[in-house]
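Visitor: Pasting target_15.txt below, which is compact mmCIF, C-alpha atoms.
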# COMPACT_ATOMS: atom_id res chain seq x y z
CA MET H 662 0.00 0.00 0.00
CA THR H 663 2.80 2.41 0.92
CA LEU H 664 4.58 1.71 -2.39
CA ILE H 665 1.40 2.55 -4.30
CA LEU H 666 1.02 5.80 -2.35
CA ARG H 667 4.62 6.76 -3.09
CA LYS H 668 4.05 6.21 -6.81
CA ILE H 669 0.95 8.40 -6.60
CA ARG H 670 3.03 11.05 -4.81
CA SER H 671 5.61 10.96 -7.56
CA ARG H 672 2.94 11.53 -10.20
CA ILE H 673 1.44 14.37 -8.15
CA GLN H 674 4.84 16.05 -7.92
CA LYS H 675 5.28 15.86 -11.69
CA ALA H 676 1.81 17.30 -12.20
CA LEU H 677 2.50 20.12 -9.75
CA ASN H 678 5.78 20.97 -11.48
CA ILE H 679 3.90 21.39 -14.74
CA LEU H 680 1.01 23.22 -13.07
CA LYS H 681 3.32 25.79 -11.46
CA LYS H 682 4.24 27.07 -14.89
CA TYR H 683 0.65 27.97 -15.67
CA THR H 684 -1.26 28.65 -12.46
CA ASN H 685 -1.05 29.67 -8.81
CA ARG H 686 -1.26 27.71 -5.55
CA SER H 687 -5.04 27.25 -5.82
CA GLY H 688 -4.43 24.83 -8.68
CA GLU H 689 -2.02 22.87 -6.51
CA ARG H 690 -4.62 22.64 -3.77
CA PHE H 691 -7.19 21.39 -6.28
CA ILE H 692 -4.94 18.47 -7.20
CA ILE H 693 -4.29 17.62 -3.55
CA ARG H 694 -8.04 17.68 -2.78
CA PHE H 695 -8.70 15.44 -5.77
CA ILE H 696 -6.14 12.87 -4.63
CA ARG H 697 -7.44 13.08 -1.05
CA SER H 698 -10.96 12.40 -2.28
CA ARG H 699 -9.75 9.27 -4.08
CA MET H 700 -7.91 8.07 -0.98
CA ILE H 701 -10.98 8.59 1.21
CA SER H 702 -13.25 6.77 -1.26
CA ARG H 703 -10.84 3.85 -1.44
CA TYR H 704 -10.55 3.67 2.34
CA LEU H 705 -14.32 3.70 2.90
CA LYS H 706 -14.83 1.06 0.22
CA ASN H 707 -12.24 -1.30 1.71
CA ASN H 708 -13.05 -0.93 5.43
CA ASN H 709 -16.11 -2.32 7.15
CA HIS H 710 -15.32 -0.35 10.33
CA PRO H 711 -14.04 3.03 9.09
CA ARG H 712 -12.23 5.10 11.70
CA LEU H 713 -10.95 8.67 11.36
CA HIS H 714 -7.98 10.04 13.31
CA LEU H 715 -7.92 13.86 13.18
CA GLY H 716 -4.69 15.74 13.85
CA CYS H 717 -2.70 12.52 13.91
CA GLY H 718 0.81 13.99 13.80
CA PRO H 719 3.28 11.09 13.55
CA ARG H 720 0.78 8.62 15.05
CA ASN H 721 -0.74 7.06 11.94
CA PHE H 722 -2.67 4.18 13.50
CA LYS H 723 -3.06 0.99 11.48
CA GLY H 724 -6.57 0.51 10.14
CA TRP H 725 -7.45 4.18 10.66
CA LEU H 726 -7.74 6.96 8.12
CA ASN H 727 -5.13 9.31 9.55
CA ALA H 728 -5.45 13.02 8.75
CA ASP H 729 -3.41 16.06 9.69
CA PHE H 730 -3.08 19.71 8.79
CA MET H 731 -0.59 20.40 5.99
CA ARG H 732 0.74 23.94 5.57
CA SER H 733 1.06 23.66 1.80
CA PRO H 734 0.93 21.16 -1.08
CA SER H 735 4.73 20.92 -1.05
CA TYR H 736 4.63 20.09 2.68
CA TYR H 737 2.13 17.31 1.93
CA LEU H 738 4.43 15.79 -0.67
CA LYS H 739 7.19 15.47 1.93
CA ALA H 740 4.94 14.02 4.64
CA ASP H 741 4.10 10.40 5.44
CA PRO H 742 2.20 9.09 2.37
CA GLN H 743 -0.29 7.31 4.63
CA ILE H 744 -1.47 10.61 6.16
CA ILE H 745 -4.01 12.65 4.24
CA PRO H 746 -4.12 16.47 4.40
CA MET H 747 -7.12 17.96 6.19
CA ASP H 748 -7.87 21.33 7.75
CA ILE H 749 -10.43 20.75 10.53
CA CYS H 750 -11.51 24.39 10.29
CA PHE H 751 -12.33 24.08 6.60
CA LEU H 752 -15.83 22.62 6.68
CA PRO H 753 -17.69 20.55 5.68
CA LEU H 754 -15.43 17.58 6.25
CA PRO H 755 -14.98 15.55 3.02
CA PHE H 756 -17.03 12.53 4.14
CA PRO H 757 -20.58 11.33 3.45
CA ASP H 758 -23.23 11.35 6.15
CA ASN H 759 -23.25 8.33 8.48
CA SER H 760 -20.00 6.91 7.09
CA ILE H 761 -17.55 6.70 10.03
CA GLU H 762 -17.66 4.41 13.07
CA PHE H 763 -15.13 6.16 15.33
CA VAL H 764 -13.49 9.60 15.24
CA TYR H 765 -10.51 10.26 17.47
CA SER H 766 -8.56 13.43 18.26
CA GLU H 767 -5.82 13.79 20.85
CA HIS H 768 -4.71 17.26 21.98
CA VAL H 769 -6.23 18.85 18.89
CA HIS H 770 -9.57 20.33 19.97
CA GLU H 771 -7.91 22.99 22.14
CA HIS H 772 -5.97 24.38 19.16
CA ILE H 773 -9.10 25.90 17.61
CA THR H 774 -11.56 28.43 19.01
CA TYR H 775 -14.63 27.38 20.98
CA ASN H 776 -16.94 28.19 18.07
CA GLN H 777 -14.72 26.31 15.62
CA GLY H 778 -14.75 23.36 18.01
CA PHE H 779 -18.55 23.47 18.17
CA LEU H 780 -18.88 23.55 14.37
CA LEU H 781 -16.36 20.71 14.07
CA ALA H 782 -18.31 18.65 16.61
CA LYS H 783 -21.51 19.14 14.58
CA GLU H 784 -19.67 17.99 11.45
CA ILE H 785 -18.28 14.94 13.22
CA LYS H 786 -21.78 14.02 14.39
CA ARG H 787 -22.95 14.28 10.78
CA ILE H 788 -20.34 11.88 9.42
CA LEU H 789 -20.60 9.36 12.27
CA LYS H 790 -22.78 6.32 11.86
CA PRO H 791 -25.72 6.00 14.28
CA GLY H 792 -24.20 4.91 17.58
CA GLY H 793 -20.76 6.09 16.43
CA ILE H 794 -18.26 7.51 18.90
CA PHE H 795 -16.24 10.74 18.95
CA ARG H 796 -13.36 10.30 21.40
CA VAL H 797 -11.64 13.53 22.43
CA ALA H 798 -8.50 13.82 24.56
CA GLY H 799 -7.11 17.15 25.71
CA PRO H 800 -5.48 19.10 28.54
CA ASN H 801 -7.61 19.23 31.68
CA VAL H 802 -7.91 22.78 32.99
CA ASP H 803 -9.35 21.47 36.26
CA LEU H 804 -6.02 19.82 37.04
CA TYR H 805 -4.16 23.13 36.84
CA LEU H 806 -6.75 24.89 39.00
CA ASP H 807 -6.58 22.05 41.52
CA LEU H 808 -2.81 22.51 41.82
CA PHE H 809 -3.37 26.00 43.25
CA ASN H 810 -5.05 24.46 46.29
CA ARG H 811 -2.75 21.58 47.13
CA GLU H 812 0.85 20.43 47.11
CA LEU H 813 2.25 18.16 44.44
CA THR H 814 2.49 14.52 45.46
CA GLU H 815 5.88 12.82 45.39
CA GLU H 816 4.78 10.94 42.29
CA GLU H 817 3.71 14.16 40.57
CA LYS H 818 6.88 16.18 41.26
CA PRO H 819 9.08 14.65 38.51
CA ILE H 820 6.12 14.74 36.12
CA PHE H 821 5.50 18.42 36.89
CA ASP H 822 9.20 19.19 36.34
CA LYS H 823 9.05 17.35 33.02
CA ALA H 824 6.01 19.38 31.98
CA CYS H 825 7.81 22.64 32.81
CA ASP H 826 10.93 21.59 30.91
CA PHE H 827 8.89 20.42 27.92
CA LEU H 828 7.00 23.72 27.75
CA GLY H 829 10.12 25.84 28.19
CA ILE H 830 9.42 27.02 31.74
CA THR H 831 12.86 27.63 33.18
CA ALA H 832 14.29 29.77 35.96
CA GLY H 833 15.36 32.29 33.34
CA ASN H 834 11.89 33.14 32.06
CA ALA H 835 9.32 32.04 34.66
CA PRO H 836 9.14 30.22 37.99
CA LYS H 837 8.29 26.53 37.97
CA THR H 838 4.83 26.94 39.48
CA PRO H 839 1.29 25.82 38.59
CA LEU H 840 0.53 29.41 37.56
CA SER H 841 3.33 29.40 34.98
CA LEU H 842 2.09 26.07 33.64
CA LEU H 843 -1.45 27.44 33.41
CA ASN H 844 -0.24 30.56 31.59
CA ILE H 845 1.57 28.49 28.98
CA THR H 846 -1.36 26.12 28.55
CA VAL H 847 -4.17 28.64 28.13
CA GLY H 848 -2.25 31.70 26.97
CA GLU H 849 0.61 32.89 24.79
CA GLY H 850 -1.12 31.64 21.63
CA PHE H 851 -0.27 28.04 22.48
CA HIS H 852 -3.91 26.97 22.67
CA GLU H 853 -7.07 28.73 21.53
CA TYR H 854 -9.58 27.35 24.03
CA CYS H 855 -8.95 24.81 26.79
CA TYR H 856 -11.68 22.67 28.33
CA ASN H 857 -12.70 20.77 31.39
CA PHE H 858 -15.25 17.97 31.31
CA GLN H 859 -18.23 20.22 32.06
CA THR H 860 -17.48 22.66 29.24
CA LEU H 861 -16.60 20.04 26.63
CA SER H 862 -19.60 17.90 27.56
CA GLU H 863 -21.92 20.89 27.14
CA GLN H 864 -20.42 21.72 23.75
CA LEU H 865 -20.79 18.15 22.47
CA LYS H 866 -24.38 17.84 23.69
CA ASN H 867 -25.26 21.17 22.07
CA ALA H 868 -23.73 19.81 18.86
CA GLY H 869 -26.30 17.01 18.95
CA PHE H 870 -24.58 14.05 20.58
CA SER H 871 -26.99 11.90 22.56
CA SER H 872 -24.62 11.21 25.45
CA VAL H 873 -21.17 12.24 26.65
CA SER H 874 -19.16 10.34 29.23
CA ARG H 875 -15.76 10.80 30.79
CA VAL H 876 -13.41 7.82 30.52
CA GLU H 877 -9.96 7.03 31.86
CA VAL H 878 -7.00 7.58 29.54
CA GLY H 879 -6.36 4.45 27.50
CA GLN H 880 -9.66 2.88 28.57
CA SER H 881 -12.90 2.35 26.67
CA GLU H 882 -15.88 0.03 26.47
CA HIS H 883 -15.12 -0.18 22.75
CA ASP H 884 -12.19 -2.41 21.79
CA GLY H 885 -11.27 -0.18 18.86
CA LEU H 886 -10.77 2.81 21.17
CA LYS H 887 -8.65 1.20 23.88
CA ASP H 888 -5.00 2.19 24.46
CA MET H 889 -5.26 5.25 22.21
CA GLU H 890 -3.52 7.68 24.58
CA THR H 891 -1.38 5.14 26.44
CA SER H 892 0.23 3.53 23.40
CA MET H 893 3.87 4.49 22.82
CA TYR H 894 3.36 4.15 19.06
CA GLY H 895 4.50 7.27 17.24
CA ARG H 896 5.72 8.92 20.43
CA ARG H 897 9.19 9.81 21.57
CA GLN H 898 10.57 6.86 23.51
CA ASP H 899 10.47 8.74 26.80
CA GLU H 900 8.45 7.08 29.55
CA LEU H 901 8.39 10.18 31.74
CA LEU H 902 7.17 12.29 28.83
CA LEU H 903 4.29 9.86 28.31
CA LYS H 904 3.45 10.02 32.03
CA MET H 905 3.43 13.81 31.75
CA ALA H 906 1.10 13.70 28.74
CA LEU H 907 -1.32 11.36 30.50
CA TRP H 908 -1.14 13.27 33.79
CA HIS H 909 -2.74 16.41 32.39
CA THR H 910 -5.04 14.70 29.87
CA PHE H 911 -8.74 14.01 30.24
CA VAL H 912 -10.81 11.98 27.79
CA VAL H 913 -14.47 11.99 26.80
CA GLU H 914 -16.49 9.79 24.47
CA ALA H 915 -19.53 11.29 22.78
CA THR H 916 -22.12 8.99 21.22
CA LYS H 917 -24.24 9.89 18.21
Write out the structure in this file as C-alpha cells.
Guide:
Amino acid sequence: MTLILRKIRSRIQKALNILKKYTNRSGERFIIRFIRSRMISRYLKNNNHPRLHLGCGPRNFKGWLNADFMRSPSYYLKADPQIIPMDICFLPLPFPDNSIEFVYSEHVHEHITYNQGFLLAKEIKRILKPGGIFRVAGPNVDLYLDLFNRELTEEEKPIFDKACDFLGITAGNAPKTPLSLLNITVGEGFHEYCYNFQTLSEQLKNAGFSSVSRVEVGQSEHDGLKDMETSMYGRRQDELLLKMALWHTFVVEATK
C-alpha cells in the first residue's frame, strides 16, 4: 500500500511541477483535494469499520484513516504518504453522512476556538454512523486549577518538572509553578480554548450528541478505542514524557 502511495506522490509532484508554470497555488490545492478524495473513497470502500484520526501527527494508526493539517501542497508531498491532508476548520469535512464508526482526536480540539470546536463537533456528528463515537482527549484545565489548592504529590513532582521543561518554563523566564504552567497552557497563543469535562460535555451535547461520558486515559468500552492515549506508538521513547502527557489529559467519548 505504501509503495502505491509513493508512486501516486511521484505523479502528483510531476503534475505540480507542470502546473506551477501555468497557475497559482489554488491549482495545486485542487490536485491535492482530488487525490485526497480518491484516498478517502478507497478507504471507505475497503473498510467495514471506518475510523478517522484527526490531527494525527506522527501517530498514523493501522486501520485508521489518519489526517493532519498540511501547511502547503509541497509540505504534503514530503509528509508520510499514509497521512491525508485535512484542515479541521475548513468545513464541511470531506465525508458522506453516516460513514464513520469512530473519530478520534488527541490534543487537537484545544488548538481551535470554541466556536470552531462546536462547528467541528456538529460535522463529526454528521459523518458518524448511528451509535458512532467521537473520542476527544485534551489538557484538563481542572487539574491546573486544583494545583493551586494543594501540594504536588511525590509521584507528581518529577512529572511536573518534566512538563515545565517540555514547555520551556525555566528559571530564566518564569518560575516553575502551577501558575506558569497554566499561563503556557491557556495563553501565549499556544492553545485557543482549553476545556474541562463540564465545558466540553456541554459543547458536544449542544452539537447534537446523545450522550457524553468521561473515561480514563487508555480505557474504553469499545475495543477499537482502547489504548489510544497510552500507546507508545508514534511517540518519543520517553516514559516520563508519556506520564506527563497522560497526567494532564482528560478523555471523553460522545455517542451519536
Visitor: Which residues come within 8 Å of range 823-833 of chain H, counting only C-alpha atoms, excluding same-chain residues fewer than 6 positions away, as number ranges by chain?
Guide: H: 841-842, 845, 901-902, 905
Visitor: Can you list, as a list in words, every protein, DNA or RNA residue that comes within 12 Å of Thr860 in chain H when you count all atoms listed in the file, leaving out same-chain residues fewer than 4 positions away?
Guide: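 My reading of the contact set: Glu771, Tyr775, Gly778, Phe779, Asn801, Val802, Asp803, Tyr854, Cys855, Tyr856, Gln864, Leu865, Lys866, Asn867, Val873 and Val913 of chain H.
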Visitor: Leaving out Phe870 in chain H and any residue of its chain fewer than 5 positions from it, which residues lie within 8 Å of it when counting all atoms listed in the file, given as a ChimeraX atom specification?
Guide: /H:786,865,915-917
Visitor: One decimal, Å: what's the distance from CA of Pro791 in chain H over to CA of Phe756 in chain H, could you say?
Guide: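 Computing it gives 14.9 Å between the two atoms.
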Visitor: Kindly provide, as a PyMOL selection string, the polymer residues lying within 9 Å of (-3.4, 23.5, 16.4), counting all atoms listed in the file and using the coordinates exactly as they appear in the file.
Guide: chain H and resi 716+730+768-773+851-853
Visitor: What's the separation between CA of Pro800 in chain H and CA of Phe911 in chain H, in Å to one decimal place?
Guide: 6.3 Å
Visitor: With 12 Å as the threshold, what does the neighbourhood of (-13.0, 15.9, -1.7) contain in terms of residues, counting all atoms listed in the file? Coordinates are those of the file; answer as a PyMOL selection string.
Guide: chain H and resi 690-702+745-747+751-757
Visitor: Could you please determine the separation between CA of Ser871 in chain H and CA of Trp908 in chain H in Å, to one decimal place?
Guide: 28.2 Å
Visitor: For Leu808 in chain H, which residue out of H:Gln859, H:Asn776, H:Thr838, H:Ser760 is the nearest one, using only C-alpha atoms?
Guide: H:Thr838
Visitor: Point out the residue among H:Gly793, H:Gly869, H:Gly718, H:Pro742 with the least atom-to-atom distance to Leu886 in chain H, counting all atoms listed in the file.
Guide: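 Looking only at the distances to Leu886 in chain H, the closest residue turns out to be H:Gly793.
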Visitor: Considering only C-alpha atoms, return as a PDB file with C-alpha atoms, in the coordinates of the input whatever protein or nucleic-acid residues lie within 6 Å of range 876-882 of chain H, sequence-local ones (same chain, fewer than 3 positions apart) excluded.
Guide:
ATOM      1  CA  LEU H 886     -10.770   2.810  21.170  1.00  0.00           C
ATOM      2  CA  LYS H 887      -8.650   1.200  23.880  1.00  0.00           C
ATOM      3  CA  ASP H 888      -5.000   2.190  24.460  1.00  0.00           C
ATOM      4  CA  MET H 889      -5.260   5.250  22.210  1.00  0.00           C
ATOM      5  CA  GLU H 890      -3.520   7.680  24.580  1.00  0.00           C
ATOM      6  CA  THR H 891      -1.380   5.140  26.440  1.00  0.00           C
ATOM      7  CA  VAL H 912     -10.810  11.980  27.790  1.00  0.00           C
ATOM      8  CA  VAL H 913     -14.470  11.990  26.800  1.00  0.00           C
TER       9      VAL H 913
END
Visitor: H:Arg875, H:Lys783, H:Lys790, H:His909: which is nearest Pro839 in chain H, counting all atoms listed in the file?
Guide: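 Of H:Arg875, H:Lys783, H:Lys790, H:His909, the one nearest Pro839 in chain H is H:His909, counting all atoms listed in the file.
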Visitor: Please supply range 694-726 of chain H, rebuilt with N, CA and C atoms, as a tab-separated table (two decimals), in the coordinates of the input.
Guide:
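Generated output (rebuild16.tsv):
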chain	number	residue	atom	x	y	z
H	694	ARG	N	-6.68	18.04	-3.20
H	694	ARG	CA	-8.04	17.68	-2.78
H	694	ARG	C	-8.58	16.53	-3.61
H	695	PHE	N	-8.24	16.52	-4.89
H	695	PHE	CA	-8.70	15.44	-5.77
H	695	PHE	C	-8.10	14.11	-5.33
H	696	ILE	N	-6.80	14.10	-5.07
H	696	ILE	CA	-6.14	12.87	-4.63
H	696	ILE	C	-6.68	12.44	-3.27
H	697	ARG	N	-6.90	13.40	-2.37
H	697	ARG	CA	-7.44	13.08	-1.05
H	697	ARG	C	-8.81	12.43	-1.18
H	698	SER	N	-9.63	12.96	-2.07
H	698	SER	CA	-10.96	12.40	-2.28
H	698	SER	C	-10.88	10.95	-2.73
H	699	ARG	N	-9.93	10.65	-3.62
H	699	ARG	CA	-9.75	9.27	-4.08
H	699	ARG	C	-9.31	8.37	-2.94
H	700	MET	N	-8.41	8.87	-2.10
H	700	MET	CA	-7.91	8.07	-0.98
H	700	MET	C	-9.02	7.78	0.02
H	701	ILE	N	-9.86	8.78	0.28
H	701	ILE	CA	-10.98	8.59	1.21
H	701	ILE	C	-11.97	7.57	0.65
H	702	SER	N	-12.31	7.70	-0.63
H	702	SER	CA	-13.25	6.77	-1.26
H	702	SER	C	-12.73	5.35	-1.20
H	703	ARG	N	-11.45	5.18	-1.48
H	703	ARG	CA	-10.84	3.85	-1.44
H	703	ARG	C	-10.86	3.28	-0.03
H	704	TYR	N	-10.56	4.13	0.94
H	704	TYR	CA	-10.55	3.67	2.34
H	704	TYR	C	-11.95	3.22	2.77
H	705	LEU	N	-12.96	4.03	2.49
H	705	LEU	CA	-14.32	3.70	2.90
H	705	LEU	C	-14.82	2.44	2.20
H	706	LYS	N	-14.41	2.24	0.97
H	706	LYS	CA	-14.83	1.06	0.22
H	706	LYS	C	-14.22	-0.21	0.78
H	707	ASN	N	-12.98	-0.11	1.29
H	707	ASN	CA	-12.24	-1.30	1.71
H	707	ASN	C	-12.27	-1.56	3.21
H	708	ASN	N	-13.01	-0.76	3.97
H	708	ASN	CA	-13.05	-0.93	5.43
H	708	ASN	C	-14.49	-1.02	5.93
H	709	ASN	N	-14.78	-2.12	6.60
H	709	ASN	CA	-16.11	-2.32	7.15
H	709	ASN	C	-16.34	-1.50	8.42
H	710	HIS	N	-15.23	-1.14	9.09
H	710	HIS	CA	-15.32	-0.35	10.33
H	710	HIS	C	-14.44	0.90	10.18
H	711	PRO	N	-14.86	1.85	9.35
H	711	PRO	CA	-14.04	3.03	9.09
H	711	PRO	C	-13.84	3.90	10.33
H	712	ARG	N	-12.59	4.31	10.53
H	712	ARG	CA	-12.23	5.10	11.70
H	712	ARG	C	-11.35	6.27	11.25
H	713	LEU	N	-11.65	7.45	11.76
H	713	LEU	CA	-10.95	8.67	11.36
H	713	LEU	C	-10.16	9.23	12.53
H	714	HIS	N	-8.88	9.47	12.30
H	714	HIS	CA	-7.98	10.04	13.31
H	714	HIS	C	-7.61	11.45	12.86
H	715	LEU	N	-8.16	12.46	13.54
H	715	LEU	CA	-7.92	13.86	13.18
H	715	LEU	C	-6.72	14.42	13.93
H	716	GLY	N	-5.86	15.15	13.21
H	716	GLY	CA	-4.69	15.74	13.85
H	716	GLY	C	-3.73	14.67	14.33
H	717	CYS	N	-3.44	13.71	13.48
H	717	CYS	CA	-2.70	12.52	13.91
H	717	CYS	C	-1.24	12.78	14.22
H	718	GLY	N	-0.63	13.82	13.61
H	718	GLY	CA	0.81	13.99	13.80
H	718	GLY	C	1.54	12.77	13.27
H	719	PRO	N	2.55	12.28	14.00
H	719	PRO	CA	3.28	11.09	13.55
H	719	PRO	C	2.60	9.77	13.90
H	720	ARG	N	1.44	9.84	14.56
H	720	ARG	CA	0.78	8.62	15.05
H	720	ARG	C	-0.27	8.14	14.04
H	721	ASN	N	0.19	7.56	12.95
H	721	ASN	CA	-0.74	7.06	11.94
H	721	ASN	C	-1.12	5.62	12.27
H	722	PHE	N	-2.23	5.48	13.01
H	722	PHE	CA	-2.67	4.18	13.50
H	722	PHE	C	-3.08	3.25	12.35
H	723	LYS	N	-2.71	2.00	12.48
H	723	LYS	CA	-3.06	0.99	11.48
H	723	LYS	C	-4.57	0.77	11.48
H	724	GLY	N	-5.13	0.73	10.29
H	724	GLY	CA	-6.57	0.51	10.14
H	724	GLY	C	-7.40	1.77	10.23
H	725	TRP	N	-6.76	2.89	10.57
H	725	TRP	CA	-7.45	4.18	10.66
H	725	TRP	C	-7.14	5.01	9.42
H	726	LEU	N	-8.03	5.93	9.11
H	726	LEU	CA	-7.74	6.96	8.12
H	726	LEU	C	-7.15	8.12	8.89
